[in-house]
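Peer 1: Supplied in structure tokens, the structure appears directly below.
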Amino acid sequence: MPVTAPPAADAAAYERAWGLPEGSLAGQKRKRAAAPLVVGVAGPSGAGKSTLARRLAEALGGVVVREDPKFFLKSCAPSYALRDPISEEPAHVDWPGTAGALDAALEAAAAAEAPRPVVVEHYLLLAPEGGAVHLAPKCDLVLMLDAPRETCRERRVGRSDRPPAEMERLREYYDGWVFPAFVRNTREPFEAFAGAKWRLDATMAADEVLGAALGACADRLRRRGGS
């Protein structure tokens, strides 16, 4: 899982911009003894997980641990007509390798002069026999981006440059395999998840999603005594 450290951000400025209590985010950077805040980001393909993870880490002055294709076990066919739907399931991922990358990021974050928050993004973060075993238990807070199937599907189609015929195959594959796997591996497990969690409406503007995510992080920090 690639680890990215966004440019340093002014957490106090984000507090003012989003109307959060003073110190609710900046306090995370000042408190040396506290363990790093670990935030998981889950959701369907096309919901905006990568964008939110990057922006959230920047706002918190932390690092992003992104899902890494090098830990995917199955190669993808060039056409969606031939795509093996196993790529939507936990069996597609090298979980020990994925978890090891997160552990390395957590160790580095904890060793920093001031503990740096870690934002981990993965489409199977809550999947039984997958992220629910190897990633989610390490998270202080899980954010799930959720949106209607059509919205997420068209966002995924919109970032592809495939020929028109292949776009239609992508739509069929998304409706038949991608979104049903999200419901089974993420949406339903999210409802049963016993840890701290927050559902985000992915149809909102990106700034609104970020503001809601920052509010959830501030609330979690207050509850664990980090502010």
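Scheme for the structure tokens: letters A, B, ... for chains in order shown; per-chain residue numbers from 1; ligand numbers from 1 in order shown.
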Quick one: residues within 10 Å of Pro137 of chain A, only C-alpha atoms counted, chain neighbours fewer than 3 positions away excluded, as a compact mmCIF listing (two decimals) with N, CA, C and O atoms, in the first residue's frame?

Peer 2:
# COMPACT_ATOMS: atom_id res chain seq x y z
N GLY A 40 -10.04 5.00 8.79
CA GLY A 40 -10.26 4.15 7.62
C GLY A 40 -11.30 4.78 6.70
O GLY A 40 -12.28 5.35 7.17
N LEU A 125 -12.07 -2.56 3.01
CA LEU A 125 -11.68 -2.26 4.39
C LEU A 125 -12.51 -3.02 5.41
O LEU A 125 -12.01 -3.40 6.47
N LEU A 126 -13.79 -3.24 5.11
CA LEU A 126 -14.70 -3.88 6.07
C LEU A 126 -15.11 -5.29 5.66
O LEU A 126 -15.97 -5.89 6.30
N GLY A 131 -10.45 -6.99 4.98
CA GLY A 131 -10.11 -5.81 5.76
C GLY A 131 -10.69 -5.82 7.16
O GLY A 131 -10.12 -5.22 8.08
N ALA A 132 -11.83 -6.48 7.35
CA ALA A 132 -12.44 -6.54 8.69
C ALA A 132 -11.54 -7.26 9.68
O ALA A 132 -11.62 -7.02 10.89
N VAL A 133 -10.66 -8.11 9.17
CA VAL A 133 -9.72 -8.85 10.02
C VAL A 133 -8.37 -8.12 10.10
O VAL A 133 -7.78 -8.02 11.17
N HIS A 134 -7.92 -7.59 8.97
CA HIS A 134 -6.54 -7.11 8.86
C HIS A 134 -6.38 -5.58 8.96
O HIS A 134 -5.28 -5.11 9.27
N ASP A 140 -9.26 3.89 14.47
CA ASP A 140 -10.02 4.55 15.53
C ASP A 140 -11.39 4.97 15.03
O ASP A 140 -12.32 5.13 15.82
N LEU A 141 -11.50 5.16 13.73
CA LEU A 141 -12.73 5.64 13.12
C LEU A 141 -12.80 5.13 11.69
O LEU A 141 -11.79 5.13 10.98
N VAL A 142 -13.97 4.67 11.29
CA VAL A 142 -14.18 4.24 9.91
C VAL A 142 -15.21 5.17 9.26
O VAL A 142 -16.31 5.35 9.78
N GLY A 195 -17.22 -0.62 15.98
CA GLY A 195 -16.32 0.48 16.30
C GLY A 195 -16.91 1.83 15.92
O GLY A 195 -18.04 1.92 15.43

Peer 1: Hey, can you check how far atom CA of Ala57 of chain A sits from atom CA of Phe193 of chain A?

Peer 2: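 Result for atom CA of Ala57 of chain A versus atom CA of Phe193 of chain A: 23.0 Å, one decimal.
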
Peer 1: Just checking: using only C-alpha atoms, which residue out of A:Gly215, A:Gly176, A:Gly100, A:Pro90 ends up closest to Ala59 of chain A?

Peer 2: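 When distances to Ala59 of chain A are compared using only C-alpha atoms, the smallest one comes from A:Gly215.
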
Peer 1: Atom CA of Ala127 of chain A to atom CA of Glu88 of chain A: how many Å, to one decimal?

Peer 2: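 The value is 10.4 Å.
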
Peer 1: Could you tell me how far atom CA of Gly43 of chain A sits from atom CA of Glu150 of chain A, in Å to one decimal place?

Peer 2: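 Computing the Euclidean distance for atom CA of Glu150 of chain A and atom CA of Gly43 of chain A yields 14.1 Å.
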
Peer 1: Write out as a CSV table (one decimal) with all heavy atoms, in the first residue's frame the set of residues from chain A that DSSP, computed on the backbone, places in strand (DSSP E).

Peer 2:
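Contents of part.csv, freshly written:
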chain,number,residue,atom,x,y,z
A,3,VAL,N,2.4,4.8,0.6
A,3,VAL,CA,2.2,5.7,1.7
A,3,VAL,C,2.6,7.1,1.2
A,3,VAL,O,3.7,7.3,0.7
A,3,VAL,CB,3.0,5.4,2.9
A,3,VAL,CG1,2.9,6.4,4.1
A,3,VAL,CG2,2.7,4.0,3.4
A,4,THR,N,1.7,8.1,1.3
A,4,THR,CA,1.9,9.4,0.8
A,4,THR,C,1.8,10.4,2.0
A,4,THR,O,0.7,10.4,2.7
A,4,THR,CB,1.0,9.8,-0.3
A,4,THR,OG1,1.1,8.8,-1.3
A,4,THR,CG2,1.3,11.1,-0.9
A,38,VAL,N,-6.0,6.9,13.7
A,38,VAL,CA,-6.1,6.1,12.4
A,38,VAL,C,-7.5,6.1,11.9
A,38,VAL,O,-8.5,5.7,12.6
A,38,VAL,CB,-5.6,4.7,12.7
A,38,VAL,CG1,-5.6,3.9,11.4
A,38,VAL,CG2,-4.3,4.6,13.4
A,39,VAL,N,-7.7,6.6,10.7
A,39,VAL,CA,-9.0,6.8,10.1
A,39,VAL,C,-9.0,5.9,8.8
A,39,VAL,O,-8.2,6.0,7.9
A,39,VAL,CB,-9.2,8.2,9.7
A,39,VAL,CG1,-10.6,8.4,9.1
A,39,VAL,CG2,-9.1,9.2,10.9
A,40,GLY,N,-10.0,5.0,8.8
A,40,GLY,CA,-10.3,4.2,7.6
A,40,GLY,C,-11.3,4.8,6.7
A,40,GLY,O,-12.3,5.3,7.2
A,41,VAL,N,-11.1,4.7,5.4
A,41,VAL,CA,-12.0,5.2,4.4
A,41,VAL,C,-12.5,4.1,3.5
A,41,VAL,O,-11.6,3.4,2.9
A,41,VAL,CB,-11.4,6.3,3.6
A,41,VAL,CG1,-12.4,6.8,2.5
A,41,VAL,CG2,-11.0,7.5,4.5
A,42,ALA,N,-13.8,3.8,3.5
A,42,ALA,CA,-14.3,2.7,2.7
A,42,ALA,C,-15.4,3.3,1.8
A,42,ALA,O,-15.9,4.4,2.0
A,42,ALA,CB,-14.9,1.6,3.6
A,63,VAL,N,-0.6,11.2,7.0
A,63,VAL,CA,-0.2,10.4,5.9
A,63,VAL,C,-1.3,9.6,5.4
A,63,VAL,O,-2.2,9.2,6.1
A,63,VAL,CB,1.1,9.5,6.2
A,63,VAL,CG1,2.2,10.4,6.6
A,63,VAL,CG2,0.7,8.5,7.2
A,64,VAL,N,-1.3,9.2,4.1
A,64,VAL,CA,-2.3,8.4,3.4
A,64,VAL,C,-1.6,7.0,3.1
A,64,VAL,O,-0.5,6.9,2.6
A,64,VAL,CB,-2.8,9.0,2.1
A,64,VAL,CG1,-3.8,8.1,1.5
A,64,VAL,CG2,-3.3,10.4,2.3
A,65,VAL,N,-2.3,6.0,3.5
A,65,VAL,CA,-2.0,4.6,3.0
A,65,VAL,C,-3.0,4.1,2.1
A,65,VAL,O,-4.2,3.8,2.5
A,65,VAL,CB,-1.9,3.6,4.2
A,65,VAL,CG1,-1.4,2.3,3.8
A,65,VAL,CG2,-0.9,4.2,5.3
A,118,VAL,N,-3.0,8.8,10.5
A,118,VAL,CA,-2.8,7.9,9.4
A,118,VAL,C,-4.2,7.7,8.8
A,118,VAL,O,-5.2,7.3,9.5
A,118,VAL,CB,-2.2,6.6,9.8
A,118,VAL,CG1,-2.2,5.6,8.6
A,118,VAL,CG2,-0.8,6.8,10.3
A,119,VAL,N,-4.4,7.9,7.5
A,119,VAL,CA,-5.6,7.7,6.8
A,119,VAL,C,-5.4,6.5,5.9
A,119,VAL,O,-4.6,6.6,5.0
A,119,VAL,CB,-6.1,8.9,6.0
A,119,VAL,CG1,-7.4,8.6,5.3
A,119,VAL,CG2,-6.2,10.1,6.9
A,120,VAL,N,-6.2,5.4,6.1
A,120,VAL,CA,-6.0,4.2,5.3
A,120,VAL,C,-7.2,4.0,4.4
A,120,VAL,O,-8.4,4.0,4.9
A,120,VAL,CB,-5.7,3.0,6.1
A,120,VAL,CG1,-6.8,2.8,7.2
A,120,VAL,CG2,-5.6,1.7,5.3
A,121,GLU,N,-7.0,3.9,3.1
A,121,GLU,CA,-8.1,3.8,2.2
A,121,GLU,C,-8.1,2.4,1.5
A,121,GLU,O,-7.0,2.0,1.0
A,121,GLU,CB,-8.0,4.9,1.1
A,121,GLU,CG,-8.9,4.7,-0.1
A,121,GLU,CD,-8.2,4.6,-1.4
A,121,GLU,OE1,-7.1,5.1,-1.5
A,121,GLU,OE2,-8.8,4.1,-2.3
A,141,LEU,N,-11.5,5.2,13.7
A,141,LEU,CA,-12.7,5.6,13.1
A,141,LEU,C,-12.8,5.1,11.7
A,141,LEU,O,-11.8,5.1,11.0
A,141,LEU,CB,-12.7,7.2,13.1
A,141,LEU,CG,-13.8,7.9,12.3
A,141,LEU,CD1,-15.2,7.7,13.0
A,141,LEU,CD2,-13.5,9.4,12.2
A,142,VAL,N,-14.0,4.7,11.3
A,142,VAL,CA,-14.2,4.2,9.9
A,142,VAL,C,-15.2,5.2,9.3
A,142,VAL,O,-16.3,5.3,9.8
A,142,VAL,CB,-14.7,2.8,9.8
A,142,VAL,CG1,-15.1,2.4,8.4
A,142,VAL,CG2,-13.6,1.8,10.2
A,143,LEU,N,-14.8,5.8,8.2
A,143,LEU,CA,-15.7,6.6,7.4
A,143,LEU,C,-16.1,5.8,6.1
A,143,LEU,O,-15.3,5.3,5.4
A,143,LEU,CB,-15.0,7.9,6.9
A,143,LEU,CG,-14.3,8.8,8.0
A,143,LEU,CD1,-13.6,9.9,7.3
A,143,LEU,CD2,-15.4,9.3,8.9
A,144,MET,N,-17.4,5.7,5.9
A,144,MET,CA,-17.9,5.1,4.7
A,144,MET,C,-18.6,6.1,3.8
A,144,MET,O,-19.6,6.7,4.1
A,144,MET,CB,-18.9,3.9,5.0
A,144,MET,CG,-19.2,3.2,3.7
A,144,MET,SD,-20.5,1.9,3.9
A,144,MET,CE,-22.0,2.9,4.1
A,145,LEU,N,-18.0,6.2,2.6
A,145,LEU,CA,-18.7,7.0,1.6
A,145,LEU,C,-19.7,6.2,0.9
A,145,LEU,O,-19.5,5.1,0.5
A,145,LEU,CB,-17.6,7.5,0.5
A,145,LEU,CG,-16.7,8.6,0.9
A,145,LEU,CD1,-15.5,8.6,0.0
A,145,LEU,CD2,-17.4,9.9,0.8
A,146,ASP,N,-20.9,6.7,0.8
A,146,ASP,CA,-22.0,6.0,0.2
A,146,ASP,C,-22.8,6.8,-0.8
A,146,ASP,O,-22.9,8.1,-0.6
A,146,ASP,CB,-23.0,5.5,1.3
A,146,ASP,CG,-23.8,4.2,0.9
A,146,ASP,OD1,-23.7,3.8,-0.3
A,146,ASP,OD2,-24.5,3.7,1.8
A,197,LYS,N,-17.8,4.9,13.8
A,197,LYS,CA,-18.0,4.9,12.4
A,197,LYS,C,-18.9,6.1,12.0
A,197,LYS,O,-19.6,6.7,12.9
A,197,LYS,CB,-18.7,3.6,11.9
A,197,LYS,CG,-20.1,3.4,12.6
A,197,LYS,CD,-20.7,2.0,12.2
A,197,LYS,CE,-22.0,1.8,12.9
A,197,LYS,NZ,-22.5,0.4,12.6
A,198,TRP,N,-18.8,6.5,10.8
A,198,TRP,CA,-19.5,7.7,10.3
A,198,TRP,C,-19.8,7.5,8.8
A,198,TRP,O,-18.9,7.2,8.0
A,198,TRP,CB,-18.7,8.9,10.4
A,198,TRP,CG,-19.4,10.2,10.6
A,198,TRP,CD1,-20.0,10.9,9.5
A,198,TRP,CD2,-19.6,11.0,11.7
A,198,TRP,NE1,-20.6,12.1,10.0
A,198,TRP,CE2,-20.3,12.2,11.4
A,198,TRP,CE3,-19.2,10.9,13.1
A,198,TRP,CZ2,-20.7,13.1,12.3
A,198,TRP,CZ3,-19.6,11.8,14.0
A,198,TRP,CH2,-20.3,13.0,13.6
A,199,ARG,N,-21.1,7.6,8.4
A,199,ARG,CA,-21.5,7.5,7.0
A,199,ARG,C,-21.5,8.8,6.4
A,199,ARG,O,-22.0,9.8,6.9
A,199,ARG,CB,-22.9,6.9,6.9
A,199,ARG,CG,-23.3,6.5,5.5
A,199,ARG,CD,-24.8,6.2,5.5
A,199,ARG,NE,-25.1,5.1,6.3
A,199,ARG,CZ,-25.1,3.8,5.9
A,199,ARG,NH1,-24.8,3.5,4.6
A,199,ARG,NH2,-25.4,2.8,6.7
A,200,LEU,N,-20.9,8.9,5.2
A,200,LEU,CA,-20.8,10.2,4.5
A,200,LEU,C,-21.5,10.1,3.2
A,200,LEU,O,-21.4,9.1,2.5
A,200,LEU,CB,-19.3,10.5,4.2
A,200,LEU,CG,-18.4,10.7,5.4
A,200,LEU,CD1,-16.9,10.9,5.0
A,200,LEU,CD2,-18.8,11.9,6.3
A,201,ASP,N,-22.3,11.1,2.8
A,201,ASP,CA,-23.0,11.2,1.6
A,201,ASP,C,-22.1,11.6,0.5
A,201,ASP,O,-21.7,12.7,0.3
A,201,ASP,CB,-24.2,12.2,1.7
A,201,ASP,CG,-25.0,12.2,0.5
A,201,ASP,OD1,-24.7,11.6,-0.5
A,201,ASP,OD2,-26.0,13.0,0.5

Peer 1: Select from segment 46-161 of chain A everything DSSP, run on the backbone, classes as helix (DSSP H, G or I), then give the selection as an MDAnalysis selection string.

Peer 2: chainID A and resid 49:60 69:71 80:82 85:88 90:92 95:111 131:134 136:138 149:158

Peer 1: Can you pull out the residues contacting segment 165-174 of chain A? Cut-off 12 Å, using only C-alpha atoms, and skip same-chain residues under 2 positions away; I want them as number ranges by chain.

Peer 2: A: 44-46, 78-85, 87-88, 149-163, 176-182

Peer 1: May I ask which of the residues A:Ala114, A:Ala194, A:Val209, A:Val183 is the closest one to Ala35 of chain A, counting only C-alpha atoms?

Peer 2: A:Ala114
